[in-house]
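Report on the following structure.
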Amino acid sequence: MLWNTVLLALREIRRNVMRSFLTILGIVIGVGAVITMVTIGGGATLQVKQQISSMGSNMLMVSPGKRLGPGQSSGNVPFKEADAEAISREVGSIAAVAPVSSQSSQAIFGNQNWTTQVTGSDNQYFYVTNRTVATGRQFSESELRAGAAVCIIGETVRKKLFGGQDALGEKIRLQKLSCEVIGLLEGKGQSSMGMDQDDVVVIPLRTLQRRVTGKQDIGMIQVSVQQGASTDKALKDIAKLMRERRHLAPSDDDNFNVMDMKEISKMLTGTTELLTALLSAVAAVSLLVGGIGIMNIMLVSVTERTREIGVRLAIGAMEREVLMQFLVEAVVLSSLGGIIGIILALAASIWLTGLLRVPFVFNGPIVFVAFLFSAAVGMIFGYFPALKAARLDPIEALRHE
């Protein structure tokens, strides 16, 4: 019985193919938009997580100064190299500590120049930030102690200054400092904040302090916590140690800040998930519009087929059979719209994720829910027209022209 009803519904759809397609267009757009938004949002969320993890394993960032509110900040008392040594020595579960200072500078080679970020640190910096020297070598201990004029450059700097030329062994100029390129960093691309992680020149910390900035201050201390250890405990221990070293009274506010990269990751992924949910909710409005379109066309169909309905009722068809016929027709229409919407959404998602350079993440549950929702829309909005058809008076229906 049900199969015959489905065949009748498909026959009616084929009789008015163009009208049927326009009827389900709202369902197609709604399902397609929801699945596309969720897929792209899932890819963006995964990319944020991957990029945050690539910036460093269990990393904590200790920086001077702390914001107290809009437009206000505590005293920006810089760190010293001894502060980084104290963290490495006195805080447990620490894998590596890297004192870091940075300054924007113009890098020059031959007639090429490029403004980049010059970072002074030691070899712990590469471990903490999860960076690899792809070609060449890291700094030697003697170079670090003496503040030698050597540098390791990122992929962006290499392309801008050297193009296709081999950079190892060449000398570049950073302001008044001429330094030898001893290594090339492996490319990492853009961070989740939109920063180019390859646009960097790394030199020994003492070289930066003595020959570039002329200051002994440390701009930031980056800390990598051992795998399996609690970053929360390490964060509290570092905060306690820094308060002691900076001679802060119990009533004083911290004049430094310790940030956990996991918290930053949670914040950014939460933001992308919220935006995805909002965009999906807006896209889902198309399903409502599509449902109204189905109800409108089904009412028109009932009016057009009034005489047919009267004949069926007159020869013994029951009200529930007429109700089922029109209800199944509405569900078949909306289900077809759901299937077409899913196909178009997956094709659009593959194309857009490639265009936006985010991972394609197939979300099976959302595809299944979107299909069920499209069928439910047909059932809900098709019920009233089907009920109207079932309640027609056979005599009046047969008189209808």
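Here, A, B, ... name the chains of the structure tokens in the order displayed, residue numbers run from 1 inside each chain, and ligands are numbered from 1 in the same displayed order.
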* Asked: Can you list, as a PyMOL selection string, every residue of range 148-196 of chain A that DSSP puts in alpha helix (DSSP H)?
  -> chain A and resi 155-162
Just-selected residues, C-alpha atoms written as a PDB file, in the first residue's frame:
ATOM      1  CA  GLU A 155      60.993  30.545   4.474  1.00  0.00           C
ATOM      2  CA  THR A 156      59.324  33.878   3.695  1.00  0.00           C
ATOM      3  CA  VAL A 157      62.526  35.828   4.356  1.00  0.00           C
ATOM      4  CA  ARG A 158      64.487  33.377   2.187  1.00  0.00           C
ATOM      5  CA  LYS A 159      62.097  33.830  -0.739  1.00  0.00           C
ATOM      6  CA  LYS A 160      62.041  37.627  -0.467  1.00  0.00           C
ATOM      7  CA  LEU A 161      65.805  38.045  -0.204  1.00  0.00           C
ATOM      8  CA  PHE A 162      67.250  35.103  -2.107  1.00  0.00           C
TER       9      PHE A 162
END
* To do: Using backbone DSSP assignments, extract all strand (DSSP E or B) residues from range 8-252 of chain A; output them as number ranges by chain.
  => A: 59-64, 67-69, 72-73, 79, 94-109, 112-121, 133-136, 150-153, 171-174, 177-185, 190, 196, 200-204, 218, 220-225
* What gap, in Å, lies between CA of Leu387 in chain A and CA of Ile29 in chain A? ->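 Pair CA of Leu387 in chain A / CA of Ile29 in chain A returns 27.4 Å.
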* **Residue contacts of Ser230 in chain A (12 Å, only C-alpha atoms) excluding same-chain residues fewer than 4 positions away, as a list of chain:residue names** =>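 The contact residues come out as A:Asn58, A:Met59, A:Leu60, A:Gly92, A:Ser93, A:Ile94, A:Ser224, A:Val225, A:Gln226, A:Ala234, A:Leu235, A:Lys236, A:Asp237, A:Asp260, A:Lys262.
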Sorted by chain and rising residue number, list the residues of range 217-299 of chain A at most 12 Å from range 326-332 of chain A (counting only C-alpha atoms), each with its closest atom pair and distance in Å to one decimal, as CSV.
residue,atom,partner,partner_atom,distance
A:Gly290,CA,A:Ala330,CA,11.5
A:Gly291,CA,A:Ala330,CA,9.5
A:Ile292,CA,A:Ala330,CA,11.4
A:Gly293,CA,A:Ala330,CA,10.7
A:Ile294,CA,A:Ala330,CA,6.9
A:Met295,CA,A:Ala330,CA,8.0
A:Asn296,CA,A:Ala330,CA,10.8
A:Ile297,CA,A:Ala330,CA,9.4
A:Met298,CA,A:Ala330,CA,7.2
A:Leu299,CA,A:Phe326,CA,9.9
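Residues in contact range of Ile221 in chain A, defined as at most 6 Å between only C-alpha atoms, with sequence neighbours fewer than 2 positions away removed, read Val62, Ala98, Pro99 and Val100 of chain A.
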Next, write the just-selected residues to a file, as a PDB file, in the first residue's frame, keeping N, CA and C atoms as the atom set.
ATOM      1  N   VAL A  62      54.982  33.788  29.163  1.00  0.00           N
ATOM      2  CA  VAL A  62      55.083  34.715  30.292  1.00  0.00           C
ATOM      3  C   VAL A  62      55.518  36.069  29.740  1.00  0.00           C
ATOM      4  N   ALA A  98      62.598  29.312  27.038  1.00  0.00           N
ATOM      5  CA  ALA A  98      63.287  30.135  26.044  1.00  0.00           C
ATOM      6  C   ALA A  98      63.027  31.611  26.306  1.00  0.00           C
ATOM      7  N   PRO A  99      64.063  32.375  26.705  1.00  0.00           N
ATOM      8  CA  PRO A  99      63.907  33.825  26.793  1.00  0.00           C
ATOM      9  C   PRO A  99      63.870  34.409  25.383  1.00  0.00           C
ATOM     10  N   VAL A 100      62.942  35.311  25.128  1.00  0.00           N
ATOM     11  CA  VAL A 100      62.746  35.820  23.769  1.00  0.00           C
ATOM     12  C   VAL A 100      62.618  37.341  23.781  1.00  0.00           C
TER      13      VAL A 100
END
* Surrounding residues of range 363-370 of chain A excluding itself and chain neighbours under 2 positions, 9 Å, only C-alpha atoms, as a PyMOL selection string -> chain A and resi 30-32+34-35+38-39+42+338+342+361+372-375
Write a file of the selected residues as a PDB file, in the first residue's frame, keeping C-alpha atoms.
ATOM      1  CA  GLY A  30      18.345  25.330   3.251  1.00  0.00           C
ATOM      2  CA  VAL A  31      19.865  21.847   3.528  1.00  0.00           C
ATOM      3  CA  GLY A  32      22.802  22.805   1.296  1.00  0.00           C
ATOM      4  CA  VAL A  34      23.383  24.311   6.657  1.00  0.00           C
ATOM      5  CA  ILE A  35      25.666  21.408   5.678  1.00  0.00           C
ATOM      6  CA  VAL A  38      28.829  23.298   9.364  1.00  0.00           C
ATOM      7  CA  THR A  39      31.459  21.602   7.167  1.00  0.00           C
ATOM      8  CA  GLY A  42      34.332  22.275  11.332  1.00  0.00           C
ATOM      9  CA  GLY A 338      17.096  17.108   0.956  1.00  0.00           C
ATOM     10  CA  ILE A 342      23.187  17.180   0.400  1.00  0.00           C
ATOM     11  CA  VAL A 361      35.768  17.508   7.602  1.00  0.00           C
ATOM     12  CA  LEU A 372      15.587  13.930   8.485  1.00  0.00           C
ATOM     13  CA  PHE A 373      14.759  17.586   9.042  1.00  0.00           C
ATOM     14  CA  SER A 374      13.926  18.073   5.359  1.00  0.00           C
ATOM     15  CA  ALA A 375      11.573  15.046   5.464  1.00  0.00           C
TER      16      ALA A 375
END
* **Spatial neighbours of Ile108 in chain A, max dist 7 Å, only C-alpha atoms, sep filter under 2 positions, as a list in words** =>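 Neighbouring residues, sequence-local ones excluded: Gln106, Gly110, Gln112, Asn113, Trp114, Ile172, Arg173 and Leu174 of chain A.
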Mind writing the picked residues with N, CA and C atoms as a CSV table (one decimal), in the first residue's frame?
chain,number,residue,atom,x,y,z
A,106,GLN,N,64.7,45.8,9.1
A,106,GLN,CA,64.8,45.6,7.7
A,106,GLN,C,66.0,44.7,7.4
A,110,GLY,N,72.1,42.1,-1.0
A,110,GLY,CA,72.3,42.7,-2.3
A,110,GLY,C,71.4,43.9,-2.5
A,112,GLN,N,68.1,43.5,-2.6
A,112,GLN,CA,66.8,43.1,-2.1
A,112,GLN,C,66.7,43.5,-0.6
A,113,ASN,N,65.5,43.9,-0.2
A,113,ASN,CA,65.3,44.2,1.2
A,113,ASN,C,63.9,43.8,1.6
A,114,TRP,N,63.7,43.5,2.9
A,114,TRP,CA,62.4,43.0,3.4
A,114,TRP,C,62.3,43.3,4.9
A,172,ILE,N,73.5,38.5,5.4
A,172,ILE,CA,72.4,39.5,5.3
A,172,ILE,C,72.7,40.6,6.3
A,173,ARG,N,72.1,41.8,6.1
A,173,ARG,CA,72.3,42.9,7.0
A,173,ARG,C,71.0,43.2,7.7
A,174,LEU,N,71.1,43.3,9.0
A,174,LEU,CA,70.0,43.7,9.9
A,174,LEU,C,70.3,45.0,10.5
* To do: Take CA of Val133 in chain A and CA of Gly187 in chain A and report the distance between them in Å, one decimal.
  =>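 According to the coordinates, CA of Val133 in chain A and CA of Gly187 in chain A are separated by 9.5 Å.
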* To do: Would you work out the distance separating CA of Pro250 in chain A from CA of Ala96 in chain A, expressed in Å to one decimal?
  =>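 Computing the Euclidean distance for CA of Pro250 in chain A and CA of Ala96 in chain A yields 28.8 Å.
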* Met37 in chain A surroundings by only C-alpha atoms, 8 Å radius, close-in-sequence under 5 positions cut, as number ranges by chain -> A: 276, 279-280
Can you check which parts of range 197-248 of chain A lie within 12 Å of range 178-183 of chain A? Per residue, the shortest pair of atoms and distance in Å to one decimal, counting only C-alpha atoms, sorted by chain and number, as a Markdown table.
| residue | atom | partner | partner_atom | distance |
| --- | --- | --- | --- | --- |
| A:Val201 | CA | A:Val181 | CA | 9.5 |
| A:Val202 | CA | A:Gly183 | CA | 9.5 |
| A:Ile203 | CA | A:Cys179 | CA | 8.7 |
| A:Pro204 | CA | A:Cys179 | CA | 10.8 |
| A:Thr207 | CA | A:Cys179 | CA | 9.8 |
| A:Leu208 | CA | A:Cys179 | CA | 11.2 |
| A:Arg211 | CA | A:Ser178 | CA | 10.0 |
| A:Val212 | CA | A:Ser178 | CA | 10.7 |
For the residues in the current selection, export N, CA and C atoms as a PDB file, in the first residue's frame.
ATOM      1  N   VAL A 201      63.521  36.175  11.447  1.00  0.00           N
ATOM      2  CA  VAL A 201      64.965  35.931  11.470  1.00  0.00           C
ATOM      3  C   VAL A 201      65.342  35.708  12.934  1.00  0.00           C
ATOM      4  N   VAL A 202      65.921  34.558  13.244  1.00  0.00           N
ATOM      5  CA  VAL A 202      66.298  34.227  14.617  1.00  0.00           C
ATOM      6  C   VAL A 202      67.809  34.387  14.774  1.00  0.00           C
ATOM      7  N   ILE A 203      68.204  35.154  15.784  1.00  0.00           N
ATOM      8  CA  ILE A 203      69.624  35.349  16.091  1.00  0.00           C
ATOM      9  C   ILE A 203      69.853  35.056  17.564  1.00  0.00           C
ATOM     10  N   PRO A 204      71.096  34.825  18.012  1.00  0.00           N
ATOM     11  CA  PRO A 204      71.346  34.619  19.439  1.00  0.00           C
ATOM     12  C   PRO A 204      70.859  35.813  20.265  1.00  0.00           C
ATOM     13  N   THR A 207      73.305  38.560  20.873  1.00  0.00           N
ATOM     14  CA  THR A 207      73.572  39.341  19.660  1.00  0.00           C
ATOM     15  C   THR A 207      72.523  40.439  19.510  1.00  0.00           C
ATOM     16  N   LEU A 208      71.269  40.083  19.751  1.00  0.00           N
ATOM     17  CA  LEU A 208      70.186  41.071  19.661  1.00  0.00           C
ATOM     18  C   LEU A 208      70.366  42.154  20.711  1.00  0.00           C
ATOM     19  N   ARG A 211      73.896  44.202  19.891  1.00  0.00           N
ATOM     20  CA  ARG A 211      74.186  44.814  18.589  1.00  0.00           C
ATOM     21  C   ARG A 211      72.953  45.307  17.827  1.00  0.00           C
ATOM     22  N   VAL A 212      71.753  45.061  18.397  1.00  0.00           N
ATOM     23  CA  VAL A 212      70.540  45.523  17.721  1.00  0.00           C
ATOM     24  C   VAL A 212      69.746  46.467  18.617  1.00  0.00           C
TER      25      VAL A 212
END
